[in-house]
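Structure first, then comments.
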2 protein chains.
Amino acid sequence: MLSKSCVYALRAIVYVGHNGSENHKIGIKEIGEELDLPVHFLSKILQSLVKHNILQSTKGPHGGFYINEISGQIKLLRIIEVVDGLSFFHKCGLGMHECSDTHPCPLHDDFIVFREGLYKIFSTKTINDLVKKVEDGNAFIQNLNTKN
Amino acid sequence: MLSKSCVYALRAIVYVGHNGSENHKIGIKEIGEELDLPVHFLSKILQSLVKHNILQSTKGPHGGFYINEISGQIKLLRIIEVVDGLSFFHKCGLGMHECSDTHPCPLHDDFIVFREGLYKIFSTKTINDLVKKVEDGNAFIQNLNTKN
DNA sequence: ATATTAAAAGATATTTAGGTCTTTTTATAT
DNA sequence: ATATAAAAAGACCTAAATATCTTTTAATAT
């Protein structure tokens, strides 16, 4: 559904939101280690988020990633848009060029219910919503059996 | 979500169910042309379905693909299983190794609604259900603007 | 039996996603 | 000013999905 790049982005940004702040920035190495993600690959993804102003970073000593007020309120859908594009939310479940109420594929009616359900979730929830869940102990972004 | 191989498989099998029968078999070329699918690639996919007894075929003159009584009643999920595997229906939406009610990712509750909703559809509907929709003119499997 | 037709099988090519490694840039503390 | 630390950028590499082309096998009609 979402590409690896995209879920890496989401987890990383939530990690940064949870563990960092403007005066305690988080290094890419820490993120990669804590979330079991390939550091350099993740680095590319976060670079792109920074360019799109979804995430903030500074270089040099005590540099790293953080999110400001505004970024925390960004909707998940925006991140998906930047990383994967939004085609999933428009595409036919059976890959037909046109699939609509007037020319539906045999799964159209069933499929759009779920596709639009997801759309709703992603276009409603913000980074901060996820961070809060993690802070309240109601959700996790780190793997359980990270065997060290 | 579903791979191209998988949606090609579904559409092709519905096409065969709709247009063919044991004494009017459908050639791979016709399927590829009518559904705008790459013939040789599709051929591989259908070969695999034949091996798994989801589709029938015979070689030689007047040979081609068809589906028998039993195949028509096969659930869509079975085709997905054979082509893509079922991992999608068990996997975390954020790609975490373990994601369950006791160790949920921040999207867990929302995501399983979607994932299990789809599971229900795919594990309930049969090939024949889709064929019927097409036969009744309530759904289509061919592209609209197939520019010829 | 033979020719023909169509799927099966095999080999190879292309594209995209995912991942690694190295060098460059820039912010900061000294 | 300089050293240092960390992200940014660039160049590759690998694996998987998708696609094409060629050869082989097997049904059928003649």
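Ordering of the structure tokens sets the chain letters (A, B, ...), residue numbers begin anew at 1 in every chain, and ligands are numbered from 1 in the order given.
Residues lying within 10 Å of region 140-146 of chain B, counting only C-alpha atoms (C1' of nucleotides) and ignoring same-chain neighbours fewer than 6 positions away, are A:Leu94, A:Gly95, A:Met96, A:His97, A:Glu98, A:Cys99, A:Thr102, A:His103, A:Pro104, A:Cys105, A:Pro106, A:Leu107, A:His108, B:Leu10, B:Arg11, B:Ala12, B:Val14, B:Tyr15, B:Glu33, B:Glu34, B:Leu35, B:Asp36, B:Leu130, B:Val131, B:Lys133, B:Val134.
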Store the residues of this selection in a file with C-alpha atoms, as a compact mmCIF listing (two decimals), in the first residue's frame.
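This went into again.txt:
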```txt
# COMPACT_ATOMS: atom_id res chain seq x y z
CA LEU A 94 -8.18 -3.72 -10.49
CA GLY A 95 -5.86 -1.36 -12.34
CA MET A 96 -8.31 -0.22 -14.98
CA HIS A 97 -7.61 3.08 -16.72
CA GLU A 98 -11.00 4.44 -15.94
CA CYS A 99 -13.04 3.12 -13.10
CA THR A 102 -20.44 5.12 -14.55
CA HIS A 103 -17.81 2.62 -15.69
CA PRO A 104 -17.02 0.60 -12.58
CA CYS A 105 -14.80 -2.43 -12.27
CA PRO A 106 -16.44 -5.40 -10.56
CA LEU A 107 -14.89 -4.43 -7.24
CA HIS A 108 -15.47 -0.71 -7.50
CA LEU B 10 -8.23 -11.40 -11.77
CA ARG B 11 -9.30 -9.52 -14.83
CA ALA B 12 -8.12 -12.26 -17.18
CA VAL B 14 -13.12 -12.96 -15.24
CA TYR B 15 -12.73 -12.34 -18.96
CA GLU B 33 -5.69 -7.59 -26.67
CA GLU B 34 -9.10 -7.17 -25.11
CA LEU B 35 -7.75 -6.24 -21.70
CA ASP B 36 -4.68 -4.26 -22.88
CA LEU B 130 -17.58 -10.88 -10.71
CA VAL B 131 -18.50 -12.59 -13.98
CA LYS B 133 -21.68 -8.43 -12.53
CA VAL B 134 -20.08 -8.10 -15.92
```
Polymer residues at most 10 Å from DT30 (chain C), only C-alpha atoms (C1' of nucleotides), same-chain spacing of 4 or more positions, as a CSV table (one decimal) with N, CA and C atoms (P, O5', C5', C4', C3', O3' and C1' of nucleotides), in the first residue's frame:
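Final output, saved to around-v7.csv:
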```
chain,number,residue,atom,x,y,z
D,2,DT,P,43.0,29.4,9.5
D,2,DT,O5',42.3,28.4,10.5
D,2,DT,C5',42.7,28.4,11.8
D,2,DT,C4',42.1,27.1,12.5
D,2,DT,C3',42.0,25.9,11.5
D,2,DT,O3',42.4,24.7,12.2
D,2,DT,C1',39.9,26.4,12.6
D,3,DA,P,42.4,23.3,11.5
D,3,DA,O5',41.5,22.5,12.5
D,3,DA,C5',41.7,22.7,13.9
D,3,DA,C4',40.6,21.9,14.6
D,3,DA,C3',40.3,20.5,14.1
D,3,DA,O3',40.0,19.7,15.2
D,3,DA,C1',38.4,21.9,13.8
D,4,DT,P,39.6,18.2,15.0
D,4,DT,O5',38.0,18.3,15.0
D,4,DT,C5',37.3,19.0,16.1
D,4,DT,C4',35.8,18.9,16.0
D,4,DT,C3',35.4,17.5,15.5
D,4,DT,O3',34.2,17.1,16.2
D,4,DT,C1',34.5,19.2,14.1
```
Go through chain C and flag each residue having an atom no more than 10 Å from chain B; for those, report the closest pair of atoms plus their distance in Å to one decimal, using only C-alpha atoms (C1' of nucleotides), ordered by chain and rising number, as JSON lines.
```
{"residue": "C:DT4", "atom": "C1'", "partner": "B:Pro61", "partner_atom": "CA", "distance": 7.3}
{"residue": "C:DT5", "atom": "C1'", "partner": "B:Pro61", "partner_atom": "CA", "distance": 4.4}
{"residue": "C:DA6", "atom": "C1'", "partner": "B:Gly60", "partner_atom": "CA", "distance": 4.7}
{"residue": "C:DA7", "atom": "C1'", "partner": "B:Lys59", "partner_atom": "CA", "distance": 4.9}
{"residue": "C:DA8", "atom": "C1'", "partner": "B:Gln47", "partner_atom": "CA", "distance": 7.3}
{"residue": "C:DA9", "atom": "C1'", "partner": "B:Lys44", "partner_atom": "CA", "distance": 9.3}
```
### Query
Where does DSSP see strand (DSSP E or B) in region 17-89 of chain B, if you list the residues as a ChimeraX atom specification?
/B:21,24,26,56-58,64-66,75
Superimposed copy of chain B on chain A by least squares over C-alpha atoms, as a PDB file with C-alpha atoms, in the first residue's frame:
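Saved as part.pdb:
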```
ATOM      1  CA  MET B   1      -0.061   0.061   0.007  1.00  0.00           C
ATOM      2  CA  LEU B   2       2.290   2.719   1.282  1.00  0.00           C
ATOM      3  CA  SER B   3       5.851   2.257   0.046  1.00  0.00           C
ATOM      4  CA  LYS B   4       8.654   1.498   2.451  1.00  0.00           C
ATOM      5  CA  SER B   5       9.965   5.009   1.912  1.00  0.00           C
ATOM      6  CA  CYS B   6       6.650   6.331   3.031  1.00  0.00           C
ATOM      7  CA  VAL B   7       6.260   4.307   6.198  1.00  0.00           C
ATOM      8  CA  TYR B   8       9.886   4.987   7.058  1.00  0.00           C
ATOM      9  CA  ALA B   9       9.102   8.663   6.687  1.00  0.00           C
ATOM     10  CA  LEU B  10       6.059   8.471   8.904  1.00  0.00           C
ATOM     11  CA  ARG B  11       7.724   6.522  11.649  1.00  0.00           C
ATOM     12  CA  ALA B  12      10.847   8.680  11.568  1.00  0.00           C
ATOM     13  CA  ILE B  13       8.921  11.901  11.769  1.00  0.00           C
ATOM     14  CA  VAL B  14       6.861  10.609  14.663  1.00  0.00           C
ATOM     15  CA  TYR B  15      10.064   9.511  16.373  1.00  0.00           C
ATOM     16  CA  VAL B  16      11.513  12.970  15.938  1.00  0.00           C
ATOM     17  CA  GLY B  17       8.329  14.570  17.154  1.00  0.00           C
ATOM     18  CA  HIS B  18       8.303  12.358  20.188  1.00  0.00           C
ATOM     19  CA  ASN B  19      11.970  12.440  21.162  1.00  0.00           C
ATOM     20  CA  GLY B  20      13.230  15.756  19.876  1.00  0.00           C
ATOM     21  CA  SER B  21      12.637  19.467  19.968  1.00  0.00           C
ATOM     22  CA  GLU B  22      14.189  22.586  18.499  1.00  0.00           C
ATOM     23  CA  ASN B  23      16.890  22.511  21.174  1.00  0.00           C
ATOM     24  CA  HIS B  24      17.339  18.770  21.229  1.00  0.00           C
ATOM     25  CA  LYS B  25      17.723  17.696  17.664  1.00  0.00           C
ATOM     26  CA  ILE B  26      17.826  14.058  16.683  1.00  0.00           C
ATOM     27  CA  GLY B  27      20.598  12.631  14.543  1.00  0.00           C
ATOM     28  CA  ILE B  28      19.881  10.360  11.624  1.00  0.00           C
ATOM     29  CA  LYS B  29      21.951   7.619  13.201  1.00  0.00           C
ATOM     30  CA  GLU B  30      19.805   7.541  16.298  1.00  0.00           C
ATOM     31  CA  ILE B  31      16.624   7.405  14.257  1.00  0.00           C
ATOM     32  CA  GLY B  32      17.934   4.589  12.105  1.00  0.00           C
ATOM     33  CA  GLU B  33      19.101   2.575  15.084  1.00  0.00           C
ATOM     34  CA  GLU B  34      15.996   3.048  17.183  1.00  0.00           C
ATOM     35  CA  LEU B  35      13.611   2.245  14.359  1.00  0.00           C
ATOM     36  CA  ASP B  36      15.733  -0.451  12.639  1.00  0.00           C
ATOM     37  CA  LEU B  37      15.846   1.485   9.416  1.00  0.00           C
ATOM     38  CA  PRO B  38      18.657   1.706   6.864  1.00  0.00           C
ATOM     39  CA  VAL B  39      20.340   4.962   7.784  1.00  0.00           C
ATOM     40  CA  HIS B  40      21.456   6.261   4.420  1.00  0.00           C
ATOM     41  CA  PHE B  41      18.243   5.394   2.735  1.00  0.00           C
ATOM     42  CA  LEU B  42      16.270   7.062   5.474  1.00  0.00           C
ATOM     43  CA  SER B  43      18.551  10.038   5.149  1.00  0.00           C
ATOM     44  CA  LYS B  44      17.436  10.586   1.556  1.00  0.00           C
ATOM     45  CA  ILE B  45      13.822  10.400   2.539  1.00  0.00           C
ATOM     46  CA  LEU B  46      14.206  12.887   5.365  1.00  0.00           C
ATOM     47  CA  GLN B  47      16.162  15.216   3.102  1.00  0.00           C
ATOM     48  CA  SER B  48      13.183  15.335   0.846  1.00  0.00           C
ATOM     49  CA  LEU B  49      10.834  16.018   3.740  1.00  0.00           C
ATOM     50  CA  VAL B  50      13.074  18.887   4.816  1.00  0.00           C
ATOM     51  CA  LYS B  51      12.958  20.354   1.332  1.00  0.00           C
ATOM     52  CA  HIS B  52       9.181  20.181   1.472  1.00  0.00           C
ATOM     53  CA  ASN B  53       9.161  21.894   4.854  1.00  0.00           C
ATOM     54  CA  ILE B  54       7.608  18.957   6.594  1.00  0.00           C
ATOM     55  CA  LEU B  55      10.618  18.473   8.796  1.00  0.00           C
ATOM     56  CA  GLN B  56      13.383  20.780   9.954  1.00  0.00           C
ATOM     57  CA  SER B  57      17.093  20.127  10.193  1.00  0.00           C
ATOM     58  CA  THR B  58      20.383  21.792  10.887  1.00  0.00           C
ATOM     59  CA  LYS B  59      23.881  20.647  10.091  1.00  0.00           C
ATOM     60  CA  GLY B  60      26.949  20.745  12.253  1.00  0.00           C
ATOM     61  CA  PRO B  61      27.551  19.996  15.920  1.00  0.00           C
ATOM     62  CA  HIS B  62      24.331  19.455  17.830  1.00  0.00           C
ATOM     63  CA  GLY B  63      22.619  19.410  14.508  1.00  0.00           C
ATOM     64  CA  GLY B  64      19.943  16.942  13.536  1.00  0.00           C
ATOM     65  CA  PHE B  65      16.256  16.780  12.818  1.00  0.00           C
ATOM     66  CA  TYR B  66      13.353  18.327  14.656  1.00  0.00           C
ATOM     67  CA  ILE B  67       9.856  19.489  13.913  1.00  0.00           C
ATOM     68  CA  ASN B  68       8.486  22.925  14.599  1.00  0.00           C
ATOM     69  CA  GLU B  69       4.991  23.955  15.652  1.00  0.00           C
ATOM     70  CA  ILE B  70       3.629  24.017  12.145  1.00  0.00           C
ATOM     71  CA  SER B  71       5.105  20.686  11.067  1.00  0.00           C
ATOM     72  CA  GLY B  72       3.427  18.876  13.906  1.00  0.00           C
ATOM     73  CA  GLN B  73       0.067  19.870  12.546  1.00  0.00           C
ATOM     74  CA  ILE B  74       0.738  18.575   9.073  1.00  0.00           C
ATOM     75  CA  LYS B  75      -1.651  15.877   7.932  1.00  0.00           C
ATOM     76  CA  LEU B  76      -0.338  12.395   7.250  1.00  0.00           C
ATOM     77  CA  LEU B  77      -1.715  12.669   3.744  1.00  0.00           C
ATOM     78  CA  ARG B  78       0.726  15.445   3.001  1.00  0.00           C
ATOM     79  CA  ILE B  79       3.645  13.165   3.790  1.00  0.00           C
ATOM     80  CA  ILE B  80       2.174  10.433   1.634  1.00  0.00           C
ATOM     81  CA  GLU B  81       1.707  12.965  -1.132  1.00  0.00           C
ATOM     82  CA  VAL B  82       5.330  14.033  -1.004  1.00  0.00           C
ATOM     83  CA  VAL B  83       6.803  10.553  -0.756  1.00  0.00           C
ATOM     84  CA  ASP B  84       4.489   8.320  -2.791  1.00  0.00           C
ATOM     85  CA  GLY B  85       2.116  10.670  -4.535  1.00  0.00           C
ATOM     86  CA  LEU B  86      -1.634  10.409  -4.196  1.00  0.00           C
ATOM     87  CA  SER B  87      -2.367   8.131  -7.124  1.00  0.00           C
ATOM     88  CA  PHE B  88      -3.371   5.273  -4.841  1.00  0.00           C
ATOM     89  CA  PHE B  89      -6.380   7.268  -3.700  1.00  0.00           C
ATOM     90  CA  HIS B  90      -7.642   7.710  -7.217  1.00  0.00           C
ATOM     91  CA  LYS B  91      -6.670   4.430  -8.835  1.00  0.00           C
ATOM     92  CA  CYS B  92      -8.889   1.479  -9.661  1.00  0.00           C
ATOM     93  CA  GLY B  93      -8.361  -1.518  -7.420  1.00  0.00           C
ATOM     94  CA  LEU B  94      -8.210  -3.741 -10.492  1.00  0.00           C
ATOM     95  CA  GLY B  95      -5.915  -1.421 -12.381  1.00  0.00           C
ATOM     96  CA  MET B  96      -8.384  -0.305 -15.007  1.00  0.00           C
ATOM     97  CA  HIS B  97      -7.729   2.961 -16.788  1.00  0.00           C
ATOM     98  CA  GLU B  98     -11.113   4.328 -16.020  1.00  0.00           C
ATOM     99  CA  CYS B  99     -13.129   3.055 -13.127  1.00  0.00           C
ATOM    100  CA  SER B 100     -15.952   5.190 -11.883  1.00  0.00           C
ATOM    101  CA  ASP B 101     -19.562   4.962 -10.859  1.00  0.00           C
ATOM    102  CA  THR B 102     -20.536   4.995 -14.529  1.00  0.00           C
ATOM    103  CA  HIS B 103     -17.910   2.495 -15.659  1.00  0.00           C
ATOM    104  CA  PRO B 104     -17.089   0.490 -12.529  1.00  0.00           C
ATOM    105  CA  CYS B 105     -14.846  -2.510 -12.231  1.00  0.00           C
ATOM    106  CA  PRO B 106     -16.460  -5.487 -10.471  1.00  0.00           C
ATOM    107  CA  LEU B 107     -14.888  -4.470  -7.178  1.00  0.00           C
ATOM    108  CA  HIS B 108     -15.461  -0.759  -7.467  1.00  0.00           C
ATOM    109  CA  ASP B 109     -18.174  -0.321  -4.862  1.00  0.00           C
ATOM    110  CA  ASP B 110     -16.376  -2.414  -2.279  1.00  0.00           C
ATOM    111  CA  PHE B 111     -12.997  -0.980  -3.011  1.00  0.00           C
ATOM    112  CA  ILE B 112     -13.849   2.696  -2.759  1.00  0.00           C
ATOM    113  CA  VAL B 113     -15.152   2.127   0.744  1.00  0.00           C
ATOM    114  CA  PHE B 114     -11.706   0.997   1.693  1.00  0.00           C
ATOM    115  CA  ARG B 115      -9.853   3.581  -0.354  1.00  0.00           C
ATOM    116  CA  GLU B 116     -11.924   6.493   0.856  1.00  0.00           C
ATOM    117  CA  GLY B 117     -11.906   5.276   4.406  1.00  0.00           C
ATOM    118  CA  LEU B 118      -8.152   5.378   4.390  1.00  0.00           C
ATOM    119  CA  TYR B 119      -8.202   8.739   2.684  1.00  0.00           C
ATOM    120  CA  LYS B 120     -10.334  10.114   5.460  1.00  0.00           C
ATOM    121  CA  ILE B 121      -7.945   8.886   8.115  1.00  0.00           C
ATOM    122  CA  PHE B 122      -4.837  10.141   6.392  1.00  0.00           C
ATOM    123  CA  SER B 123      -6.358  13.491   5.553  1.00  0.00           C
ATOM    124  CA  THR B 124      -7.566  14.009   9.089  1.00  0.00           C
ATOM    125  CA  LYS B 125      -4.812  12.786  11.357  1.00  0.00           C
ATOM    126  CA  THR B 126      -1.726  14.862  11.987  1.00  0.00           C
ATOM    127  CA  ILE B 127       1.803  14.016  13.004  1.00  0.00           C
ATOM    128  CA  ASN B 128       0.984  15.329  16.464  1.00  0.00           C
ATOM    129  CA  ASP B 129      -1.952  12.952  16.731  1.00  0.00           C
ATOM    130  CA  LEU B 130       0.398  10.027  16.277  1.00  0.00           C
ATOM    131  CA  VAL B 131       3.041  11.513  18.573  1.00  0.00           C
ATOM    132  CA  LYS B 132       0.418  11.912  21.258  1.00  0.00           C
ATOM    133  CA  LYS B 133      -0.618   8.295  20.977  1.00  0.00           C
ATOM    134  CA  VAL B 134       2.965   7.263  21.454  1.00  0.00           C
ATOM    135  CA  GLU B 135       3.442   9.644  24.365  1.00  0.00           C
ATOM    136  CA  ASP B 136       0.343   8.323  26.058  1.00  0.00           C
ATOM    137  CA  GLY B 137       1.659   4.789  25.716  1.00  0.00           C
ATOM    138  CA  ASN B 138      -1.224   3.872  23.467  1.00  0.00           C
ATOM    139  CA  ALA B 139       0.927   3.115  20.465  1.00  0.00           C
ATOM    140  CA  PHE B 140       4.477   2.268  19.484  1.00  0.00           C
ATOM    141  CA  ILE B 141       6.756   3.000  16.591  1.00  0.00           C
ATOM    142  CA  GLN B 142       9.719   0.881  17.658  1.00  0.00           C
ATOM    143  CA  ASN B 143       9.944  -2.790  16.924  1.00  0.00           C
ATOM    144  CA  LEU B 144       9.480  -5.195  19.753  1.00  0.00           C
ATOM    145  CA  ASN B 145      12.138  -7.856  19.281  1.00  0.00           C
ATOM    146  CA  THR B 146      14.917  -5.620  18.096  1.00  0.00           C
ATOM    147  CA  LYS B 147      17.532  -8.229  18.843  1.00  0.00           C
ATOM    148  CA  ASN B 148      20.589  -6.442  20.251  1.00  0.00           C
TER     149      ASN B 148
END
```
### Task
In Å, rounded to a single decimal, give me how far C1' of DT15 (chain C) is from C1' of DC13 (chain D).
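Between these atoms lies a distance of 15.2 Å.
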Could I get the residues of chain D with an atom no further than 7 Å from an atom of chain B, each paired with its nearest atom pair and that distance in Å to one decimal, using only C-alpha atoms (C1' of nucleotides), sorted by chain and residue number, as a Markdown table?
```
| residue | atom | partner | partner_atom | distance |
| --- | --- | --- | --- | --- |
| D:DA19 | C1' | B:Phe41 | CA | 6.2 |
| D:DA26 | C1' | B:Lys59 | CA | 6.2 |
| D:DA27 | C1' | B:Gly60 | CA | 4.4 |
| D:DT28 | C1' | B:Pro61 | CA | 5.6 |
```
Taking C-alpha atoms (C1' of nucleotides) for each residue, export the selection above as a compact mmCIF listing (two decimals), in the first residue's frame.
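See result.txt below for the written result:
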```txt
# COMPACT_ATOMS: atom_id res chain seq x y z
C1' DA D 19 7.98 -7.23 -19.69
C1' DA D 26 1.31 -31.28 -26.68
C1' DA D 27 -3.44 -31.37 -28.55
C1' DT D 28 -6.18 -31.67 -32.68
```
### Task
Write out as number ranges by chain each polymer residue whose atoms come within 12 Å of region 10-14 of chain C, counting only C-alpha atoms (C1' of nucleotides); drop sequence neighbours fewer than 4 positions from it.
B: 44; D: 17-24
### Task
Run DSSP on the backbone of this structure and report the residues of chain A it assigns to helix (DSSP H, G or I), as JSON, numbers by chain.
{"A": [4, 5, 6, 7, 8, 9, 10, 11, 12, 13, 14, 15, 16, 17, 18, 19, 28, 29, 30, 31, 32, 33, 34, 35, 39, 40, 41, 42, 43, 44, 45, 46, 47, 48, 49, 50, 51, 69, 70, 71, 72, 76, 77, 78, 79, 80, 81, 82, 83, 87, 88, 89, 108, 109, 110, 111, 112, 113, 114, 115, 116, 117, 118, 119, 120, 121, 122, 123, 124, 127, 128, 129, 130, 131, 132, 133, 134, 135]}
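Across the structure, C1' of DA1 (chain D) and C1' of DT22 (chain C) are spaced 27.3 Å apart.
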### Message
Quick check, in Å to one decimal: how far apart do C1' of DT23 (chain C) and C1' of DT14 (chain D) lie?
### Response
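One can read the C1' of DT23 (chain C) to C1' of DT14 (chain D) distance as 21.9 Å.
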